file coords_6.cif (mmCIF, C-alpha atoms)
data_model
loop_
_atom_site.label_atom_id
_atom_site.label_comp_id
_atom_site.auth_asym_id
_atom_site.auth_seq_id
_atom_site.Cartn_x
_atom_site.Cartn_y
_atom_site.Cartn_z
CA MET A 28 83.03 110.70 180.58
CA ALA A 29 81.68 112.82 183.43
CA ALA A 30 79.04 115.48 182.89
CA ALA A 31 80.41 119.00 182.59
CA ALA A 32 79.05 121.52 185.08
CA PRO A 33 77.78 124.71 183.42
CA SER A 34 80.09 127.69 183.71
CA ALA A 35 78.84 130.94 185.20
CA ALA A 36 78.61 132.52 181.74
CA SER A 37 76.65 129.66 180.24
CA ARG A 38 74.34 128.47 183.02
CA ILE A 39 71.09 129.94 181.62
CA ALA A 40 69.04 127.49 179.55
CA VAL A 41 65.98 128.63 177.58
CA VAL A 42 63.44 125.86 176.92
CA THR A 43 60.63 126.40 174.41
CA GLY A 44 57.44 124.37 174.59
CA ALA A 45 58.07 123.88 178.30
CA SER A 46 54.42 123.60 179.36
CA GLY A 47 54.39 119.80 179.18
CA GLY A 48 55.88 116.63 177.75
CA ILE A 49 59.49 116.65 176.60
CA GLY A 50 59.93 120.38 177.24
CA ALA A 51 58.83 120.21 180.88
CA ALA A 52 60.88 117.07 181.53
CA THR A 53 63.96 118.66 179.97
CA ALA A 54 63.55 121.79 182.08
CA ARG A 55 63.42 119.69 185.24
CA GLN A 56 66.53 117.73 184.31
CA LEU A 57 68.55 120.77 183.24
CA ALA A 58 67.64 122.50 186.51
CA SER A 59 68.88 119.44 188.38
CA ALA A 60 72.11 119.65 186.36
CA GLY A 61 72.72 123.19 187.63
CA TYR A 62 71.17 125.39 184.95
CA ARG A 63 68.87 128.31 185.60
CA VAL A 64 66.03 127.45 183.28
CA VAL A 65 63.83 129.94 181.48
CA LEU A 66 60.52 128.27 180.65
CA THR A 67 58.64 129.50 177.59
CA ALA A 68 55.30 128.40 176.17
CA ARG A 69 51.94 129.91 175.34
CA ARG A 70 50.19 128.45 178.40
CA LYS A 71 51.34 130.79 181.15
CA ASP A 72 49.66 128.91 183.99
CA ARG A 73 51.45 125.67 183.11
CA ILE A 74 54.94 127.13 182.98
CA GLU A 75 54.39 129.19 186.13
CA ALA A 76 53.38 126.02 187.98
CA LEU A 77 56.47 124.24 186.64
CA ALA A 78 58.71 127.13 187.68
CA GLU A 79 57.29 126.90 191.21
CA GLU A 80 57.85 123.15 191.24
CA ILE A 81 61.48 123.47 190.12
CA SER A 82 62.16 126.27 192.62
CA GLY A 83 60.55 124.22 195.38
CA ASN A 84 62.96 121.40 194.61
CA GLY A 85 65.98 123.67 194.97
CA GLY A 86 66.40 124.66 191.31
CA GLN A 87 66.18 128.02 189.59
CA ALA A 88 63.41 128.67 187.08
CA THR A 89 61.62 131.60 185.48
CA ALA A 90 58.42 131.43 183.43
CA TYR A 91 57.85 133.65 180.38
CA ALA A 92 54.70 133.30 178.27
CA LEU A 93 55.80 133.23 174.63
CA ASP A 94 54.53 132.14 171.22
CA VAL A 95 57.62 131.34 169.16
CA THR A 96 55.73 132.05 165.92
CA ASP A 97 55.30 135.70 166.99
CA ARG A 98 58.58 137.24 165.82
CA ALA A 99 58.03 140.59 167.51
CA ALA A 100 57.37 138.88 170.84
CA VAL A 101 60.43 136.66 170.40
CA ASP A 102 62.65 139.66 169.66
CA GLU A 103 61.35 141.44 172.75
CA PHE A 104 62.01 138.33 174.86
CA ALA A 105 65.58 138.12 173.57
CA THR A 106 66.42 141.64 174.77
CA ALA A 107 66.43 140.33 178.35
CA PHE A 108 69.63 138.36 177.76
CA LYS A 109 73.19 139.43 177.13
CA THR A 110 74.40 135.85 177.35
CA ILE A 111 72.78 132.45 177.60
CA GLY A 112 74.34 129.02 177.53
CA VAL A 113 71.68 126.73 176.10
CA LEU A 114 68.64 127.01 173.84
CA ILE A 115 66.33 123.99 173.69
CA ASN A 116 64.14 124.30 170.59
CA ASN A 117 61.34 121.98 171.65
CA ALA A 118 58.17 123.85 170.64
CA GLY A 119 56.39 122.07 167.82
CA GLY A 120 53.85 119.35 167.25
CA ALA A 121 51.72 117.46 164.76
CA LEU A 122 48.22 118.02 163.42
CA GLY A 123 46.24 115.38 161.55
CA ALA A 124 47.23 112.18 159.80
CA ASP A 125 45.58 112.66 156.43
CA PRO A 126 47.10 111.64 153.10
CA VAL A 127 48.58 114.27 150.81
CA ALA A 128 45.49 114.17 148.60
CA THR A 129 43.16 115.35 151.37
CA GLY A 130 45.44 117.00 153.94
CA ASP A 131 44.31 120.33 155.36
CA PRO A 132 46.63 123.14 154.14
CA ALA A 133 45.87 125.08 157.33
CA ASP A 134 47.26 122.20 159.41
CA TRP A 135 50.35 122.03 157.20
CA ARG A 136 50.89 125.79 157.58
CA THR A 137 50.52 125.64 161.37
CA MET A 138 52.99 122.76 161.63
CA TYR A 139 55.51 124.56 159.43
CA GLU A 140 55.17 127.82 161.33
CA THR A 141 55.58 126.15 164.72
CA ASN A 142 58.22 123.53 163.97
CA VAL A 143 60.34 125.43 161.45
CA LEU A 144 59.69 129.17 161.65
CA GLY A 145 59.32 129.05 165.43
CA THR A 146 62.71 127.37 165.68
CA LEU A 147 64.15 129.91 163.24
CA ASN A 148 62.71 132.88 165.17
CA ILE A 149 64.04 131.98 168.59
CA THR A 150 67.38 130.72 167.27
CA GLN A 151 68.04 133.90 165.31
CA ALA A 152 67.00 136.07 168.24
CA LEU A 153 69.18 134.30 170.81
CA LEU A 154 72.20 133.36 168.68
CA PRO A 155 74.10 136.57 169.61
CA ALA A 156 73.62 135.81 173.34
CA LEU A 157 74.65 132.20 172.83
CA THR A 158 77.79 133.33 171.01
CA ALA A 159 78.56 135.97 173.64
CA SER A 160 78.58 133.30 176.35
CA GLY A 161 81.70 131.80 174.78
CA ASP A 162 80.21 128.34 175.24
CA GLY A 163 76.75 128.12 173.70
CA THR A 164 74.61 125.16 172.73
CA VAL A 165 71.60 125.08 170.41
CA VAL A 166 69.50 121.94 170.71
CA VAL A 167 66.89 121.21 168.06
CA VAL A 168 64.35 118.59 169.10
CA SER A 169 63.26 117.21 165.75
CA SER A 170 61.81 113.73 165.20
CA THR A 171 62.49 110.53 163.34
CA ALA A 172 59.81 111.99 161.05
CA GLY A 173 62.54 114.38 159.93
CA HIS A 174 64.59 111.45 158.66
CA GLY A 175 62.02 109.16 157.04
CA THR A 176 58.54 109.28 155.58
CA TYR A 177 55.38 107.38 156.44
CA GLU A 178 51.87 107.31 155.02
CA GLY A 179 49.48 109.80 156.55
CA GLY A 180 52.24 111.89 158.01
CA ALA A 181 53.35 114.09 155.11
CA GLY A 182 52.56 117.43 156.73
CA TYR A 183 54.42 116.63 159.93
CA VAL A 184 57.18 114.84 158.04
CA ALA A 185 57.68 117.86 155.80
CA ALA A 186 57.87 120.21 158.79
CA LYS A 187 60.31 118.00 160.71
CA HIS A 188 62.49 117.57 157.61
CA GLY A 189 62.65 121.36 157.58
CA THR A 190 63.65 121.40 161.25
CA HIS A 191 66.38 118.82 160.60
CA VAL A 192 67.78 120.76 157.65
CA LEU A 193 67.74 123.99 159.67
CA ALA A 194 69.91 122.36 162.35
CA GLU A 195 72.25 120.75 159.85
CA THR A 196 72.74 123.97 157.89
CA LEU A 197 73.21 126.12 160.99
CA ARG A 198 75.99 123.81 162.15
CA LEU A 199 77.81 124.33 158.84
CA GLU A 200 77.33 128.08 158.88
CA ILE A 201 78.55 128.78 162.43
CA VAL A 202 81.43 126.30 162.63
CA GLY A 203 84.37 128.09 164.23
CA THR A 204 82.16 130.00 166.65
CA PRO A 205 81.79 128.90 170.30
CA VAL A 206 78.31 127.45 169.70
CA ARG A 207 77.41 123.79 169.24
CA VAL A 208 74.34 122.60 167.31
CA ILE A 209 72.80 119.36 168.56
CA GLU A 210 69.81 117.60 167.03
CA VAL A 211 67.85 115.05 169.04
CA ALA A 212 65.35 113.06 166.98
CA PRO A 213 62.92 111.00 169.09
CA GLY A 214 60.82 108.19 167.70
CA MET A 215 57.67 106.95 169.44
CA VAL A 216 57.21 108.94 172.65
CA LYS A 217 54.05 108.57 174.73
CA THR A 218 53.13 111.83 176.42
CA ASP A 219 49.83 113.14 177.71
CA GLU A 220 49.19 115.46 174.78
CA PHE A 221 51.14 114.79 171.57
CA ALA A 222 48.85 112.23 169.91
CA LEU A 223 45.74 113.71 171.51
CA THR A 224 46.52 117.09 169.96
CA ARG A 225 47.34 115.48 166.64
CA PHE A 226 43.92 113.86 166.44
CA GLY A 227 41.93 116.86 167.63
CA GLY A 228 41.24 115.50 171.10
CA ASP A 229 40.06 112.07 169.90
CA ALA A 230 41.35 109.87 172.76
CA GLU A 231 40.53 106.61 170.96
CA LYS A 232 42.62 107.51 167.91
CA ALA A 233 45.40 108.79 170.09
CA GLU A 234 45.58 105.58 172.09
CA LYS A 235 45.77 103.45 168.93
CA VAL A 236 49.16 105.02 168.16
CA TYR A 237 50.64 103.16 171.13
CA ALA A 238 48.40 100.07 171.08
CA GLY A 239 50.34 96.92 171.92
CA VAL A 240 53.66 98.72 172.37
CA ALA A 241 54.92 97.52 175.74
CA GLU A 242 57.22 100.43 176.47
CA PRO A 243 57.17 103.49 174.22
CA LEU A 244 59.63 106.21 175.17
CA THR A 245 58.63 108.65 177.90
CA ALA A 246 59.29 112.39 178.04
CA ASP A 247 61.88 111.69 180.73
CA ASP A 248 63.73 109.29 178.41
CA VAL A 249 64.11 112.00 175.79
CA ALA A 250 64.95 114.66 178.37
CA ASP A 251 67.70 112.39 179.68
CA THR A 252 69.31 112.16 176.23
CA ILE A 253 69.03 115.94 175.73
CA THR A 254 70.60 116.66 179.10
CA TRP A 255 73.38 114.14 178.45
CA ALA A 256 74.20 115.78 175.10
CA VAL A 257 74.14 119.30 176.56
CA THR A 258 76.43 118.37 179.45
CA ARG A 259 79.21 116.88 177.31
CA PRO A 260 82.50 118.83 177.44
CA SER A 261 82.45 121.93 175.24
CA HIS A 262 84.56 120.40 172.46
CA VAL A 263 82.17 117.45 172.08
CA ASN A 264 79.26 117.99 169.68
CA ILE A 265 76.53 115.36 169.42
CA ASP A 266 75.50 116.23 165.87
CA LEU A 267 72.51 113.89 165.74
CA LEU A 268 71.06 111.57 168.33
CA VAL A 269 68.20 109.31 167.20
CA VAL A 270 66.35 107.69 170.10
CA ARG A 271 63.58 105.12 169.77
CA PRO A 272 61.98 102.54 172.03
CA ARG A 273 63.35 99.02 171.56
CA ALA A 274 60.02 97.98 170.02
CA GLN A 275 60.37 100.48 167.17
CA ALA A 276 62.82 99.70 164.36
CA SER A 277 61.66 102.48 162.03
CA ASN A 278 58.77 104.88 161.57
CA THR A 279 56.75 102.07 160.02
CA LYS A 280 58.14 98.97 161.76
CA VAL A 281 56.86 98.62 165.32
CA HIS A 282 56.49 95.45 167.39
CA ARG A 283 53.03 95.31 168.93
CA GLU A 284 51.75 92.65 171.34
CA LEU A 285 48.06 92.62 170.46
#
call {"tool": "encode", "arguments": {"input": "coords_6.cif", "output": "structure tokens"}}
result
Amino acid sequence: MAAAAPSAASRIAVVTGASGGIGAATARQLASAGYRVVLTARRKDRIEALAEEISGNGGQATAYALDVTDRAAVDEFATAFKTIGVLINNAGGALGADPVATGDPADWRTMYETNVLGTLNITQALLPALTASGDGTVVVVSSTAGHGTYEGGAGYVAAKHGTHVLAETLRLEIVGTPVRVIEVAPGMVKTDEFALTRFGGDAEKAEKVYAGVAEPLTADDVADTITWAVTRPSHVNIDLLVVRPRAQASNTKVHREL
């Protein structure tokens, strides 16, 4: 089935967490697919550089510094749009890998606010514009952590379960409107920052996550699946797409060549 070109009313795509990793890769691919991408993230310099890169390659991109956990800022951002076609809820992340008994409540709170409330804030704010387009798509980038537990991951797992349930419930509540809700749940993805951020900048711990795994997913792999799902014909909804590297059978079963 061929990719569907975005219509004039639905060609704007807002990407949160676009300063690197999956968000940046998705912005590049959506721009290549004909969308005018609006890049949001807290790191203004990163998204401005990406916007210049995309524009230099013939695409259309605008950078807007935004913290999705700041509801007032999100609401102000949303006033710029009467219609948009796509919202990519990618902002999120993990902090720590401590057991429940010793996990830092501050880390849990930050993960919940970013992964769940951040997704809620931007989705609520832009849902009217998505609906007004007559052909809207909400993408929630969750994680396989939102579908299964593993030791040392409870805080992140809890947050991503919340993200998954948000997407699933929203789909039920807005059925009959011209807005699709797609969830993409990646497994092991090796990016420059995810594991490094999770372990507080400890490069040795971060590298151990991928030790012996010949080919973990890349940000481009996930962006490719997101772009594929978004560009299906309007009547086709990819409810849930789980994507893992071949070496990973589950959150706790990974083939390593050590």
call {"tool": "residues_around", "arguments": {"input": "coords_6.cif", "residues": "Val270 of chain A", "least_positions_apart": "4", "cutoff": "10 Å", "atoms": "all atoms listed in the file", "output": "PDB file with C-alpha atoms, in the coordinates of the input"}}
result
ATOM      1  CA  SER A 170      61.810 113.730 165.200  1.00  0.00           C
ATOM      2  CA  THR A 171      62.490 110.530 163.340  1.00  0.00           C
ATOM      3  CA  VAL A 211      67.850 115.050 169.040  1.00  0.00           C
ATOM      4  CA  ALA A 212      65.350 113.060 166.980  1.00  0.00           C
ATOM      5  CA  PRO A 213      62.920 111.000 169.090  1.00  0.00           C
ATOM      6  CA  GLY A 214      60.820 108.190 167.700  1.00  0.00           C
ATOM      7  CA  MET A 215      57.670 106.950 169.440  1.00  0.00           C
ATOM      8  CA  VAL A 216      57.210 108.940 172.650  1.00  0.00           C
ATOM      9  CA  LEU A 244      59.630 106.210 175.170  1.00  0.00           C
ATOM     10  CA  ASP A 248      63.730 109.290 178.410  1.00  0.00           C
ATOM     11  CA  VAL A 249      64.110 112.000 175.790  1.00  0.00           C
ATOM     12  CA  THR A 252      69.310 112.160 176.230  1.00  0.00           C
ATOM     13  CA  GLN A 275      60.370 100.480 167.170  1.00  0.00           C
TER      14      GLN A 275
END
call {"tool": "closest_residue", "arguments": {"input": "coords_6.cif", "among": "A:Leu197, A:Val269, A:Met138, A:Ala128", "to": "Gln151 of chain A", "atoms": "only C-alpha atoms"}}
result
A:Leu197
call {"tool": "closest_residue", "arguments": {"input": "coords_6.cif", "among": "A:Asp125, A:Asp266, A:Asp247, A:Glu210", "to": "Ala181 of chain A", "atoms": "only C-alpha atoms"}}
result
A:Asp125
call {"tool": "residues_near_point", "arguments": {"input": "coords_6.cif", "point": "(66.8, 118.5, 190.0)", "cutoff": "10 Å", "atoms": "all atoms listed in the file", "output": "ChimeraX atom specification"}}
result
/A:54-62,81-82,84-87
call {"tool": "residues_around", "arguments": {"input": "coords_6.cif", "residues": "Ala90 of chain A", "least_positions_apart": "6", "cutoff": "10 Å", "atoms": "all atoms listed in the file", "output": "list in words"}}
result
Val41, Val42, Ala45, Ser46, Val64, Val65, Leu66, Thr67, Ala68, Lys71, Asp72, Arg73, Ile74, Glu75, Ala76, Leu77, Ala78 and Glu79 of chain A
call {"tool": "atom_distance", "arguments": {"input": "coords_6.cif", "atom1": "atom CA of Ala51 of chain A", "atom2": "atom CA of Asp219 of chain A"}}
result
11.9 Å
call {"tool": "atom_distance", "arguments": {"input": "coords_6.cif", "atom1": "atom CA of Val127 of chain A", "atom2": "atom CA of Glu231 of chain A"}}
result
23.0 Å
call {"tool": "resolve_selection", "arguments": {"input": "coords_6.cif", "expression": "the PyMOL selection byres ((chain A and resi 147) around 12)", "output": "ChimeraX atom specification"}}
result
/A:95-98,101-102,114,116-119,139-146,148-154,165,167,189-194,196-197
call {"tool": "write_last_selection", "arguments": {"input": "coords_6.cif", "atoms": "C-alpha atoms", "output": "PDB file, keeping the file's coordinate frame"}}
result
ATOM      1  CA  VAL A  95      57.620 131.340 169.160  1.00  0.00           C
ATOM      2  CA  THR A  96      55.730 132.050 165.920  1.00  0.00           C
ATOM      3  CA  ASP A  97      55.300 135.700 166.990  1.00  0.00           C
ATOM      4  CA  ARG A  98      58.580 137.240 165.820  1.00  0.00           C
ATOM      5  CA  VAL A 101      60.430 136.660 170.400  1.00  0.00           C
ATOM      6  CA  ASP A 102      62.650 139.660 169.660  1.00  0.00           C
ATOM      7  CA  LEU A 114      68.640 127.010 173.840  1.00  0.00           C
ATOM      8  CA  ASN A 116      64.140 124.300 170.590  1.00  0.00           C
ATOM      9  CA  ASN A 117      61.340 121.980 171.650  1.00  0.00           C
ATOM     10  CA  ALA A 118      58.170 123.850 170.640  1.00  0.00           C
ATOM     11  CA  GLY A 119      56.390 122.070 167.820  1.00  0.00           C
ATOM     12  CA  TYR A 139      55.510 124.560 159.430  1.00  0.00           C
ATOM     13  CA  GLU A 140      55.170 127.820 161.330  1.00  0.00           C
ATOM     14  CA  THR A 141      55.580 126.150 164.720  1.00  0.00           C
ATOM     15  CA  ASN A 142      58.220 123.530 163.970  1.00  0.00           C
ATOM     16  CA  VAL A 143      60.340 125.430 161.450  1.00  0.00           C
ATOM     17  CA  LEU A 144      59.690 129.170 161.650  1.00  0.00           C
ATOM     18  CA  GLY A 145      59.320 129.050 165.430  1.00  0.00           C
ATOM     19  CA  THR A 146      62.710 127.370 165.680  1.00  0.00           C
ATOM     20  CA  ASN A 148      62.710 132.880 165.170  1.00  0.00           C
ATOM     21  CA  ILE A 149      64.040 131.980 168.590  1.00  0.00           C
ATOM     22  CA  THR A 150      67.380 130.720 167.270  1.00  0.00           C
ATOM     23  CA  GLN A 151      68.040 133.900 165.310  1.00  0.00           C
ATOM     24  CA  ALA A 152      67.000 136.070 168.240  1.00  0.00           C
ATOM     25  CA  LEU A 153      69.180 134.300 170.810  1.00  0.00           C
ATOM     26  CA  LEU A 154      72.200 133.360 168.680  1.00  0.00           C
ATOM     27  CA  VAL A 165      71.600 125.080 170.410  1.00  0.00           C
ATOM     28  CA  VAL A 167      66.890 121.210 168.060  1.00  0.00           C
ATOM     29  CA  GLY A 189      62.650 121.360 157.580  1.00  0.00           C
ATOM     30  CA  THR A 190      63.650 121.400 161.250  1.00  0.00           C
ATOM     31  CA  HIS A 191      66.380 118.820 160.600  1.00  0.00           C
ATOM     32  CA  VAL A 192      67.780 120.760 157.650  1.00  0.00           C
ATOM     33  CA  LEU A 193      67.740 123.990 159.670  1.00  0.00           C
ATOM     34  CA  ALA A 194      69.910 122.360 162.350  1.00  0.00           C
ATOM     35  CA  THR A 196      72.740 123.970 157.890  1.00  0.00           C
ATOM     36  CA  LEU A 197      73.210 126.120 160.990  1.00  0.00           C
TER      37      LEU A 197
END
call {"tool": "atom_distance", "arguments": {"input": "coords_6.cif", "atom1": "atom CA of Phe226 of chain A", "atom2": "atom CA of Ala121 of chain A"}}
result
8.8 Å
call {"tool": "residues_near_point", "arguments": {"input": "coords_6.cif", "point": "(51.1, 111.3, 161.4)", "cutoff": "7 Å", "atoms": "all atoms listed in the file", "output": "list in words"}}
result
Gly123, Ala124, Gly179, Gly180 and Tyr183 of chain A
call {"tool": "residues_around", "arguments": {"input": "coords_6.cif", "residues": "Ala233 of chain A", "least_positions_apart": "4", "cutoff": "10 Å", "atoms": "all atoms listed in the file", "output": "list in words"}}
result
Lys217, Asp219, Glu220, Phe221, Ala222, Leu223, Thr224, Arg225, Phe226, Gly227, Gly228, Asp229, Tyr237 and Ala238 of chain A
call {"tool": "closest_residue", "arguments": {"input": "coords_6.cif", "among": "A:Gly44, A:Thr164, A:Gly175, A:Ala156", "to": "Arg198 of chain A", "atoms": "all atoms listed in the file"}}
result
A:Thr164
call {"tool": "axis_aligned_box", "arguments": {"input": "coords_6.cif", "around": "segment 177-180 of chain A", "padding_each_side": "6 Å", "output": "AutoDock Vina command-line options"}}
result
--center_x 52.4 --center_y 109.6 --center_z 156.5 --size_x 17.9 --size_y 16.6 --size_z 15.0
call {"tool": "closest_residue", "arguments": {"input": "coords_6.cif", "among": "A:Ala276, A:Ala185, A:Val202, A:Leu93", "to": "Asn264 of chain A", "atoms": "all atoms listed in the file"}}
result
A:Val202
call {"tool": "closest_residue", "arguments": {"input": "coords_6.cif", "among": "A:Ile253, A:Ala107, A:Ala52, A:Val168", "to": "Glu80 of chain A", "atoms": "only C-alpha atoms"}}
result
A:Ala52
